[in-house]
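Undergrad: Structure provided below as C-alpha cells; questions to follow.
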Amino acid sequence: MRSYWDWETFGEDIRRTVQRAVDSQDFRRLNQTINDTINNAAGEFRDGVRHAGERNRNGGYSSGQDKYTQASKGAAQTFRGVDVSKLRAPDLYAKMSGKKAGAMALAILGYGFGSLFLFGVVLGAVTVLVLGNAAEMAVGMTTLGIMTCIFGGMAASGTRKLGRIKRFERYVKELKGKEYCNIDEIALRVRRKEKQVYKDIRWMIEKGWFRQGHLDDQDACLMISDAAYEEYRDLMEQREVQKRMQEEDALRSQADARKKEQYSKEKQANMDPQIQAIIQAGNEYIRKIRECNDAIPGEAVSEKMYRMELLTKRIFERVEQDPDSVEDIRKLMEYYLPTAVKLLEAYEKLDAQPVQGENILSSKKEIEDTLDTLNIAFEKLLDDLFQETAWDVSSDISVLKTMLAQEGLTGKDFETGGKR
C-alpha cells in the first residue's frame with residue numbers, strides 16, 4: 001500500500017497526462033486516464049483504511065477517507081485550473097447535419113419549383129399548338145424554360161451533394177475507428193472503383209470534411225489525424241536516412257572493391273609470369289565451380305560446392321600473398337581441381353535426368369561423398385600454407401616470453417615483486 005506521502009506522486013502523474021494531451025492535441029482518453037489514476041489511488045487508500053479499521057475499531061480513518069474521496073472526485077474534474085470535463089477529443093470529421101439539411105433543401109426547392117416551371121413550359125407548348133399564337137407566347141415560354149433550367153440545376157446540385165454526404169458517412173463507417181486505411185481497401189468495402197473513391201476523398205480533404213485528413217506520397221493511404229500523418233512522415237524520414245546509408249555503404253563497398261582489384265592487378269603485374277598463370281588458372285576453376293553450383297538445385301550438394309569454391313579462393317589468395325608457396329599447390333592444380341570440376345559436371349548431367357534411377361542416385365551419392373573428402377583435403381592444404389607463418393608467430397612469442405622473464409616482467413615475477 002502507498003503511504004500518505006505517496007499521494008503527491010499522483011498529482012505529478014496527472015500533470016504529465018494533461019501535458020502530453022496538450023502537446024499532442026489528442027484529448028480522446030484524457031478524462032478516462034485521469035479518472036483511472038485517481039480511482040486506483042483511492043482504491044489503494046480505501047484498502048489501507050479497511051485493513052487498519054480491522055485492527056482499530058474506533059473509526060478514526062472514516063472521515064479522512066470521505067474527505068479524500070470527495071477531493072479525488074474534484075481533482076478528476078479540475079487540474080491546475082483546467083476543467084478536464086470540458087476537454088474533448090479533436091474533431092476528425094466535419095458535422096454533416098447542417099450540410100445535409102442544406103443539400104436537402106436545395107434539392108427539394110429545385111425539384112419543386114423546377115417541376116412547376118416545367119409544367120408551365122409544357123402548358124405553353126400545348127397552348128401554342130392549339131391556339132397557334134407562338135409569337136405572343138415566345139417570351140413567356142423562354143422565361144419559363146430559363147427558370148426550369150435554373151431550378152433543375154439546383155435540384156441536380158442538391159442531389160449530388162446528398163450523394164457525396166452519404167458516401168462520406170459510408171467512408172467514415174468503413175474506417176471503423178482506425179486513423180488510417182488504404183484507398184483500395186475502402187473501395188472494396190463500399191463496392192466502388194478505387195479511382196472514384198480516391199477523387200471523393202481528395203475532394204473531401206480539400207473541403208475540410210476530413211478535418212485532419214492527409215494522403216500518403218503515393219496517394220494510396222488515407223490518414224485522418226495529424227498524429228497518424230506525423231508518424232508516417234517520421235517513418236518516411238527514417239526510411240530515407242536508411243536508404244541513404246545503404247547507398248553510401250554500397251558506394252564505399254564498390255570503391256573498396258575497385259581499390260582491391262586495382263591493387264591485385266598491380267601486384268599481379270609485378271608478379272612472376274608463371275605464378276600469374278597459375279592464379280589465372282585457379283580463378284578459372286573457381287568460375288567453373290560456381291557455374292556448376294548455379295546449375296544444380298540441390299541444397300545439400302550446393303553447400304558442399306560453395307564450401308569448395310570458398311576454400312579454393314582462399315588458397316589462391318594465399319598464393320598471391322606468398323608466391324613462394326606455389327610449389328605446395330602443384331597437386332591441387334594438376335589433379336585435385338581438374339578432378340573436382342569433372343565430378344561436378346558429371347553430377348550436373350546426372351541431376352538433369354528426368355528419371356532418377358538406382359544407378360543415378362548411387363553415382364550422385366558417391367560424388368557427394370567425394371566432394372566432402374576433397375573439401376577436407378583443401379582445408380588441410382590451406383592450413384599447411386599458413387604453417388610457416390604459424391612457426392614465425394610461435395618463434396616470436398617464445399622470444400618475447402624469454403625477454404619478459406629476463407627482465408622480471410612475467411606474471412609470477414609481478415606477484416613476487418621481481419624477487420627470485
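Here's how to read the names in the C-alpha cells: chain A, B, ... by the order shown, residue numbers from 1 in each chain, ligand numbers from 1 in the order shown.
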Give me the residues near A:Ala156 as a list in words, where near means some atom within 9 Å (using only C-alpha atoms) and where sequence neighbours in that chain fewer than 5 positions away do not count.

TA: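 Using only C-alpha atoms, the neighbours found are Leu106, Ala107, Gly110, Tyr111, Phe151 and Lys161 of chain A.
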
Undergrad: How would you write, as a list in words, the set of residues in stretch 172-326 of chain A that DSSP gives as strand (DSSP E or B)?

TA: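 Matching residues for strand (DSSP E or B) in stretch 172-326 of chain A are Tyr180, Cys181, Asn182, Phe210, His214, Leu215, Cys221, Leu222 and Met223 of chain A.
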
Undergrad: Give me, as a PyMOL selection string, all polymer residues having an atom no more than 9 Å from stretch 325-332 of chain A, counting only C-alpha atoms and skipping those fewer than 2 positions away in the same chain.

TA: chain A and resi 275+278+315-316+318-320+322-323+334-338+378+381+384-385

Undergrad: How would you write, as a PyMOL selection string, the set of residues in stretch 79-280 of chain A that DSSP gives as helix (DSSP H, G or I)?

TA: chain A and resi 84-86+97-131+134-175+183-190+194-206+226-269+273-280

Undergrad: Nearest to A:Met147: which of A:Ala340, A:Phe119, A:Ala405, A:Gln218 is it, counting only C-alpha atoms?

TA: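 That would be A:Phe119, the residue with the smallest distance to A:Met147.
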
Undergrad: As an exercise, work out the distance from atom CA of A:Ala281 to atom CA of A:Val341 in Å and give it to one decimal place.

TA: 12.7 Å

Undergrad: Contacts of A:Gly114 at 8 Å or less, counting only C-alpha atoms, minus same-chain residues fewer than 2 places along, as a list in words?

TA: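 The filter keeps Leu109, Gly110, Tyr111, Gly112, Leu116, Phe117, Leu118, Met147, Thr148, Cys149, Ile150, Phe151, Gly152 and Ala155 of chain A.
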
Undergrad: Take the selection from the previous step and output its residues with C-alpha atoms, as a PDB file, in the first residue's frame.

TA:
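Below is the file that was written, again_11.pdb:
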ATOM      1  CA  LEU A 109     -36.595  23.590 -53.770  1.00  0.00           C
ATOM      2  CA  GLY A 110     -35.094  22.693 -57.126  1.00  0.00           C
ATOM      3  CA  TYR A 111     -37.376  19.753 -57.777  1.00  0.00           C
ATOM      4  CA  GLY A 112     -40.484  21.600 -56.514  1.00  0.00           C
ATOM      5  CA  LEU A 116     -43.818  23.866 -61.646  1.00  0.00           C
ATOM      6  CA  PHE A 117     -41.897  25.781 -64.279  1.00  0.00           C
ATOM      7  CA  LEU A 118     -41.538  22.649 -66.397  1.00  0.00           C
ATOM      8  CA  MET A 147     -36.381  29.166 -64.707  1.00  0.00           C
ATOM      9  CA  THR A 148     -36.815  25.441 -65.305  1.00  0.00           C
ATOM     10  CA  CYS A 149     -33.094  25.109 -66.097  1.00  0.00           C
ATOM     11  CA  ILE A 150     -32.104  27.146 -63.018  1.00  0.00           C
ATOM     12  CA  PHE A 151     -34.205  25.118 -60.625  1.00  0.00           C
ATOM     13  CA  GLY A 152     -33.241  21.897 -62.404  1.00  0.00           C
ATOM     14  CA  ALA A 155     -32.096  20.033 -57.882  1.00  0.00           C
TER      15      ALA A 155
END

Undergrad: Between A:Lys288, A:Arg233, A:Lys365, A:Arg244, which is the closest to A:Leu344 once you count only C-alpha atoms?

TA: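 Going through A:Lys288, A:Arg233, A:Lys365, A:Arg244 one by one, the smallest distance to A:Leu344 is for A:Lys288.
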
Undergrad: Can you tell me, as a PDB file with N, CA and C atoms, in the first residue's frame, what residues are no more than 12 Å from A:Gly98 when counting only C-alpha atoms, ignoring any on the same chain fewer than 5 positions away?

TA:
ATOM      1  N   ALA A 103     -28.345  20.678 -48.380  1.00  0.00           N
ATOM      2  CA  ALA A 103     -28.440  19.960 -49.648  1.00  0.00           C
ATOM      3  C   ALA A 103     -29.855  19.459 -49.893  1.00  0.00           C
ATOM      4  N   MET A 104     -30.498  19.006 -48.820  1.00  0.00           N
ATOM      5  CA  MET A 104     -31.870  18.518 -48.959  1.00  0.00           C
ATOM      6  C   MET A 104     -32.812  19.651 -49.337  1.00  0.00           C
ATOM      7  N   ALA A 105     -32.627  20.820 -48.684  1.00  0.00           N
ATOM      8  CA  ALA A 105     -33.471  21.978 -49.004  1.00  0.00           C
ATOM      9  C   ALA A 105     -33.260  22.407 -50.453  1.00  0.00           C
ATOM     10  N   LYS A 161     -24.873  16.705 -53.858  1.00  0.00           N
ATOM     11  CA  LYS A 161     -24.330  16.919 -52.515  1.00  0.00           C
ATOM     12  C   LYS A 161     -24.817  15.854 -51.536  1.00  0.00           C
ATOM     13  N   LEU A 162     -26.095  15.499 -51.646  1.00  0.00           N
ATOM     14  CA  LEU A 162     -26.617  14.453 -50.773  1.00  0.00           C
ATOM     15  C   LEU A 162     -25.901  13.121 -51.013  1.00  0.00           C
ATOM     16  N   ILE A 165     -22.448  13.378 -49.433  1.00  0.00           N
ATOM     17  CA  ILE A 165     -22.545  13.263 -47.970  1.00  0.00           C
ATOM     18  C   ILE A 165     -22.771  11.816 -47.561  1.00  0.00           C
TER      19      ILE A 165
END

Undergrad: Kindly indicate which residue among A:Asp200, A:Glu179, A:Glu266, A:Asp184 lies nearest to A:Glu230, using only C-alpha atoms for the distances.

TA: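 Of A:Asp200, A:Glu179, A:Glu266, A:Asp184, the one nearest A:Glu230, counting only C-alpha atoms, is A:Glu179.
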
Undergrad: Point out the residue among A:Cys221, A:Val126, A:Ile296, A:Leu175 with the least atom-to-atom distance to A:Glu345, counting only C-alpha atoms.

TA: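 The answer is A:Ile296, which sits nearest to A:Glu345.
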